[in-house]
Each structure stands twice: as C-alpha cells, then as structure tokens.
$ cat coords_9.pdb   # PDB, C-alpha atoms and all ligand atoms
ATOM      1  CA  MET A  12      56.847 -16.944 -10.936
ATOM      2  CA  ILE A  13      54.367 -15.832  -8.240
ATOM      3  CA  ALA A  14      54.835 -12.207  -9.313
ATOM      4  CA  CYS A  15      54.078 -13.216 -12.896
ATOM      5  CA  ALA A  16      50.921 -15.161 -11.873
ATOM      6  CA  LEU A  17      49.825 -12.189  -9.777
ATOM      7  CA  SER A  18      50.243  -9.789 -12.666
ATOM      8  CA  VAL A  19      48.135 -12.105 -14.893
ATOM      9  CA  LEU A  20      45.446 -12.228 -12.175
ATOM     10  CA  LEU A  21      45.555  -8.450 -11.833
ATOM     11  CA  GLY A  22      45.033  -8.186 -15.600
ATOM     12  CA  VAL A  23      41.973 -10.488 -15.374
ATOM     13  CA  VAL A  24      40.455  -8.388 -12.568
ATOM     14  CA  ALA A  25      41.333  -5.180 -14.434
ATOM     15  CA  TRP A  26      39.380  -6.463 -17.457
ATOM     16  CA  THR A  27      36.219  -6.964 -15.349
ATOM     17  CA  LEU A  28      36.422  -3.301 -14.264
ATOM     18  CA  THR A  29      37.232  -2.174 -17.837
ATOM     19  CA  GLU A  30      34.228  -4.151 -19.124
ATOM     20  CA  TYR A  31      31.971  -2.391 -16.600
ATOM     21  CA  ALA A  32      33.414   1.086 -17.255
ATOM     22  CA  ILE A  33      33.315   0.850 -21.076
ATOM     23  CA  HIS A  34      29.754  -0.485 -21.028
ATOM     24  CA  ARG A  35      28.388   1.911 -18.425
ATOM     25  CA  TRP A  36      30.070   5.160 -19.437
ATOM     26  CA  LEU A  37      31.044   4.758 -23.124
ATOM     27  CA  GLY A  38      27.975   2.648 -23.946
ATOM     28  CA  HIS A  39      25.278   4.344 -21.893
ATOM     29  CA  GLY A  40      26.680   7.609 -20.463
ATOM     30  CA  ARG A  41      24.743  10.514 -21.982
ATOM     31  CA  ARG A  42      27.826  12.661 -22.456
ATOM     32  CA  PHE A  43      29.992  10.040 -24.207
ATOM     33  CA  ARG A  44      27.437   8.032 -26.179
ATOM     34  CA  LYS A  45      28.519   9.401 -29.572
ATOM     35  CA  ASN A  46      31.902   7.607 -29.393
ATOM     36  CA  PRO A  47      32.418   4.636 -31.795
ATOM     37  CA  PHE A  48      31.777   2.073 -29.027
ATOM     38  CA  GLY A  49      28.600   3.913 -27.961
ATOM     39  CA  VAL A  50      27.270   3.976 -31.541
ATOM     40  CA  GLU A  51      27.951   0.253 -32.008
ATOM     41  CA  HIS A  52      26.455  -0.513 -28.589
ATOM     42  CA  THR A  53      23.269   1.437 -29.348
ATOM     43  CA  ARG A  54      22.912  -0.765 -32.468
ATOM     44  CA  HIS A  55      23.500  -3.889 -30.359
ATOM     45  CA  HIS A  56      20.580  -2.868 -28.120
ATOM     46  CA  ALA A  57      18.302  -1.801 -30.997
ATOM     47  CA  LEU A  58      18.803  -4.903 -33.140
ATOM     48  CA  GLY A  59      19.429  -7.498 -30.415
ATOM     49  CA  ASN A  60      21.531  -9.857 -32.534
ATOM     50  CA  TYR A  61      24.006  -7.252 -33.849
ATOM     51  CA  PHE A  62      27.681  -7.433 -32.839
ATOM     52  CA  ALA A  63      30.404  -5.056 -34.025
ATOM     53  CA  SER A  64      32.984  -6.521 -36.443
ATOM     54  CA  ALA A  65      35.201  -9.103 -34.706
ATOM     55  CA  TRP A  66      38.119  -8.050 -36.943
ATOM     56  CA  LEU A  67      37.857  -4.418 -35.884
ATOM     57  CA  LYS A  68      37.738  -5.446 -32.216
ATOM     58  CA  ALA A  69      40.711  -7.809 -32.642
ATOM     59  CA  ILE A  70      42.819  -5.115 -34.349
ATOM     60  CA  ALA A  71      41.844  -2.430 -31.790
ATOM     61  CA  SER A  72      42.601  -4.746 -28.863
ATOM     62  CA  LEU A  73      46.007  -5.718 -30.327
ATOM     63  CA  ILE A  74      46.936  -2.040 -30.689
ATOM     64  CA  VAL A  75      45.775  -1.244 -27.125
ATOM     65  CA  GLY A  76      47.518  -4.371 -25.754
ATOM     66  CA  ALA A  77      50.827  -3.590 -27.502
ATOM     67  CA  GLY A  78      50.659   0.032 -26.306
ATOM     68  CA  ALA A  79      49.880  -1.007 -22.735
ATOM     69  CA  TRP A  80      52.733  -3.547 -22.764
ATOM     70  CA  GLY A  81      55.179  -0.941 -24.107
ATOM     71  CA  LEU A  82      54.189   1.810 -21.687
ATOM     72  CA  GLY A  83      53.676  -0.543 -18.724
ATOM     73  CA  GLY A  84      57.076  -2.121 -19.449
ATOM     74  CA  LEU A  85      58.760   1.248 -18.911
ATOM     75  CA  ALA A  86      57.048   1.582 -15.506
ATOM     76  CA  VAL A  87      57.149  -1.935 -14.006
ATOM     77  CA  GLY A  88      59.346  -4.004 -16.337
ATOM     78  CA  SER A  89      58.276  -5.925 -19.418
ATOM     79  CA  ALA A  90      57.636  -9.288 -17.629
ATOM     80  CA  ALA A  91      55.120  -7.856 -15.131
ATOM     81  CA  ALA A  92      53.531  -5.643 -17.800
ATOM     82  CA  GLY A  93      53.381  -8.625 -20.180
ATOM     83  CA  GLY A  94      51.624 -10.772 -17.543
ATOM     84  CA  PHE A  95      49.122  -8.022 -16.855
ATOM     85  CA  VAL A  96      48.387  -7.416 -20.536
ATOM     86  CA  PHE A  97      48.107 -11.186 -21.142
ATOM     87  CA  GLY A  98      45.531 -11.512 -18.297
ATOM     88  CA  LEU A  99      43.642  -8.454 -19.552
ATOM     89  CA  MET A 100      43.539  -9.644 -23.183
ATOM     90  CA  ALA A 101      42.708 -13.278 -22.348
ATOM     91  CA  MET A 102      39.806 -12.132 -20.194
ATOM     92  CA  TYR A 103      38.716  -9.670 -22.885
ATOM     93  CA  GLY A 104      38.617 -12.523 -25.425
ATOM     94  CA  ALA A 105      36.666 -14.691 -22.975
ATOM     95  CA  TYR A 106      34.241 -11.802 -22.404
ATOM     96  CA  GLU A 107      33.600 -11.345 -26.148
ATOM     97  CA  LEU A 108      32.871 -15.061 -26.559
ATOM     98  CA  HIS A 109      30.744 -15.100 -23.402
ATOM     99  CA  HIS A 110      28.641 -12.081 -24.471
ATOM    100  CA  TRP A 111      28.044 -13.587 -27.921
ATOM    101  CA  LEU A 112      27.051 -16.937 -26.348
ATOM    102  CA  LEU A 113      24.568 -15.178 -24.028
ATOM    103  CA  HIS A 114      22.730 -14.034 -27.147
ATOM    104  CA  VAL A 115      22.925 -17.222 -29.235
ATOM    105  CA  HIS A 116      23.087 -20.163 -26.785
ATOM    106  CA  PRO A 117      20.752 -21.160 -23.912
ATOM    107  CA  GLY A 118      23.723 -21.626 -21.561
ATOM    108  CA  LEU A 119      24.877 -24.301 -19.151
ATOM    109  CA  GLY A 120      24.528 -24.635 -15.381
ATOM    110  CA  PRO A 121      23.786 -22.056 -12.695
ATOM    111  CA  TYR A 122      26.361 -19.543 -14.009
ATOM    112  CA  GLY A 123      24.938 -19.716 -17.540
ATOM    113  CA  ARG A 124      21.451 -19.103 -16.176
ATOM    114  CA  TRP A 125      22.595 -16.304 -13.869
ATOM    115  CA  ALA A 126      24.584 -14.562 -16.638
ATOM    116  CA  ARG A 127      21.591 -14.581 -19.024
ATOM    117  CA  LYS A 128      19.230 -13.132 -16.416
ATOM    118  CA  HIS A 129      21.775 -10.465 -15.441
ATOM    119  CA  HIS A 130      22.544  -9.435 -19.033
ATOM    120  CA  PHE A 131      19.015  -9.536 -20.428
ATOM    121  CA  SER A 132      17.617  -7.631 -17.456
ATOM    122  CA  HIS A 133      20.096  -4.929 -18.584
ATOM    123  CA  HIS A 134      18.872  -5.206 -22.195
ATOM    124  CA  PHE A 135      15.130  -5.339 -21.522
ATOM    125  CA  SER A 136      14.282  -4.263 -17.943
ATOM    126  CA  ASP A 137      16.566  -1.303 -17.133
ATOM    127  CA  VAL A 138      19.590  -0.209 -19.206
ATOM    128  CA  ARG A 139      20.898   1.810 -16.237
ATOM    129  CA  ARG A 140      21.483  -1.421 -14.268
ATOM    130  CA  ASN A 141      23.606  -4.569 -14.514
ATOM    131  CA  HIS A 142      26.401  -3.339 -16.802
ATOM    132  CA  GLY A 143      28.793  -6.130 -15.832
ATOM    133  CA  VAL A 144      28.616  -9.060 -18.265
ATOM    134  CA  THR A 145      30.981 -11.644 -16.763
ATOM    135  CA  SER A 146      30.353 -10.723 -13.107
ATOM    136  CA  PRO A 147      28.108  -8.546 -10.901
ATOM    137  CA  VAL A 148      31.057  -7.338  -8.767
ATOM    138  CA  TRP A 149      31.355  -3.792 -10.174
ATOM    139  CA  ASP A 150      27.577  -3.302 -10.355
ATOM    140  CA  ILE A 151      27.494  -4.066  -6.633
ATOM    141  CA  ALA A 152      30.505  -1.803  -5.963
ATOM    142  CA  PHE A 153      29.053   1.144  -7.943
ATOM    143  CA  GLY A 154      25.428   0.671  -6.829
ATOM    144  CA  THR A 155      23.984  -0.330 -10.236
ATOM    145  CA  TYR A 156      23.204  -3.954  -9.349
ATOM    146  CA  GLN A 157      19.563  -4.987  -9.546
ATOM    147  CA  ARG A 158      18.387  -8.506  -8.806
ATOM    148  CA  PRO A 159      16.552  -9.488 -12.004
ATOM    149  CA  GLY A 160      12.823 -10.170 -11.769
ATOM    150  CA  ARG A 161      10.934 -11.900 -14.592
ATOM    151  CA  ILE A 162      12.297 -10.326 -17.776
ATOM    152  CA  MET A 163       9.814  -9.281 -20.457
ATOM    153  CA  VAL A 164      11.490  -9.531 -23.872
ATOM    154  CA  PRO A 165      10.033  -7.685 -26.901
ATOM    155  CA  ARG A 166       8.944 -10.448 -29.289
ATOM    156  CA  LYS A 167      10.925  -9.000 -32.215
ATOM    157  CA  LEU A 168      14.161  -8.996 -30.155
ATOM    158  CA  ALA A 169      13.717 -12.471 -28.643
ATOM    159  CA  MET A 170      16.898 -14.544 -28.510
ATOM    160  CA  ARG A 171      16.825 -17.660 -30.754
ATOM    161  CA  TRP A 172      17.270 -20.026 -27.795
ATOM    162  CA  LEU A 173      14.397 -18.493 -25.813
ATOM    163  CA  THR A 174      11.480 -19.505 -28.007
ATOM    164  CA  GLU A 175      10.076 -22.653 -29.591
ATOM    165  CA  PRO A 176      10.371 -22.397 -33.399
ATOM    166  CA  ALA A 177       6.962 -24.020 -33.956
ATOM    167  CA  THR A 178       4.902 -21.721 -31.724
ATOM    168  CA  GLY A 179       7.147 -18.695 -31.156
ATOM    169  CA  GLU A 180       6.402 -18.957 -27.430
ATOM    170  CA  VAL A 181       8.947 -19.099 -24.605
ATOM    171  CA  ARG A 182      10.344 -22.607 -24.040
ATOM    172  CA  PRO A 183       8.908 -24.116 -20.828
ATOM    173  CA  GLU A 184      12.292 -24.241 -19.058
ATOM    174  CA  PHE A 185      12.700 -20.448 -19.368
ATOM    175  CA  ARG A 186       9.140 -19.369 -18.509
ATOM    176  CA  ALA A 187       9.904 -18.666 -14.840
ATOM    177  CA  ASP A 188      12.615 -16.168 -15.853
ATOM    178  CA  PHE A 189      11.401 -14.742 -19.192
ATOM    179  CA  GLY A 190       8.163 -13.671 -20.891
ATOM    180  CA  LEU A 191       7.367 -12.028 -24.250
ATOM    181  CA  ILE A 192       5.678  -8.680 -24.941
ATOM    182  CA  GLY A 193       4.560  -6.945 -28.116
ATOM    183  CA  ALA A 194       3.356  -8.199 -31.477
TER     184      ALA A 194
HETATM  185 ZN    ZN B   1      24.160  -7.946 -25.140
HETATM  186 ZN    ZN B   2      24.137  -1.959 -22.781
END

$ encode --input "coords_9.pdb" --output "structure tokens" --more "lines below"
Ligand SMILES: [Zn+2]
Ligand SMILES: [Zn+2]
Amino acid sequence: MIACALSVLLGVVAWTLTEYAIHRWLGHGRRFRKNPFGVEHTRHHALGNYFASAWLKAIASLIVGAGAWGLGGLAVGSAAAGGFVFGLMAMYGAYELHHWLLHVHPGLGPYGRWARKHHFSHHFSDVRRNHGVTSPVWDIAFGTYQRPGRIMVPRKLAMRWLTEPATGEVRPEFRADFGLIGA
C-alpha cells in the first residue's frame, strides 16, 4: 500500500519536471521549436487565448500513458508502474485544467494569485524564465526562476478577467501586479 502511494507521488513529481522540460525545451528551445508541441505553443503565445485541441492531447496522453505502463511494468512490475502512470496522468490533467484557468479565470487565494503572476511574467515579461506552470520548483533548480515584477500585458492579448469590460482598463484589484501597454 505504501509502495503504491509512493509510486503515485513519484508520478506526480515526475509530471512537474515533465511540464518544465516540455515547456522549456520543446516549447522554447531554439533547436527543437519546430516540433508539434513547439508549433502549438508558439500559437498559444502569439494569440494568448489559443489552446491546442483537448481531444488530441487526451489521445496522445493515453497512448503515452499506456506505453509507459507497459514498458514500466516490465521493469518494476505492473502495480508500481500503474501507480506511477496514474500519478503522472492525474497531475497532467490537473495541469491542463490549471493552465486553462490561469488564462480564463481571475483565480482564488494566494496560490491563484502567485500562479498568474508566475505564468504571465513568462508570457509577457521574459519567455526564457518561469517555465513551470504548477510550481516554481524546477525553475529554481535550473536557474530560470525570476520573481515577477509588475507585468505589462499587451492590450490585444489581455486576459478576459484582467480588464473591466466597460473601460477596457485593468480591474483595481490587479493594478499592483499588472498594467497594459500598446493600442
Ligand atoms: Zn499560457
Ligand atoms: Zn511558453
């Protein structure tokens, strides 16, 4: 039972590293940017509210998960491999939902506020920093963490929750963390 819980936990932690590595190297690494993830990610940055097809991601993750379970099962037994893959996939699903919510919802509590500053400083201040989306752990470990200052968001890419519909200006509660630039 403890071994199973540990393998689930290991899968969760492994996802946070996978999230960092895919984003940093497949999404923004010069040499690899032409891969399908890199192309989709470039669109995500350029359009702001664009997300790759959820169906495609679900199918790809099921194939990867089944493959990892099969291969991992040969190495460490199917129960441990299953726990690991379950933790990895559950955290991947949580990450997808979390990333989408960062873009469409103002967020709740200190973590919601932190996560938005961390992610949008990556989008709008420096794309070479803050690649982690659910945590800053791997940015700190790999030296790409940057404490976000006030983030200047191009007006045409402003998140729906950031601005007041009537005036188009930043809502008062976000003005300490975010400003708008451009026409
Ligand atoms: Zn994003
Ligand atoms: Zn990015």

$ residues_around --input "coords_9.pdb" --residues "Val138 in chain A" --least-positions-apart "5" --cutoff "12 Å" --atoms "all atoms listed in the file" --output "PyMOL selection string"
chain A and resi 34-36+38-40+52-53+56-57+129-133+143+155-157

$ residues_near_ligand --input "coords_9.pdb" --ligand "ligand ZN 1 (chain B)" --cutoff "12 Å" --atoms "all atoms listed in the file" --output "count of residues only"
44

$ resolve_selection --input "coords_9.pdb" --expression "the PyMOL selection byres (((chain A and resi 20) around 12) and not hetatm)" --output "PyMOL selection string"
chain A and resi 13-19+21-27+91-102

$ closest_residue --input "coords_9.pdb" --among "A:Gly118, A:Met12, A:Ala32, A:Ser146" --to "ligand ZN 2 (chain B)" --atoms "all atoms listed in the file"
A:Ala32

$ atom_distance --input "coords_9.pdb" --atom1 "CA of Pro47 in chain A" --atom2 "CA of Gly84 in chain A"
28.4 Å

$ atom_distance --input "coords_9.pdb" --atom1 "CA of Trp172 in chain A" --atom2 "CA of His116 in chain A"
5.9 Å
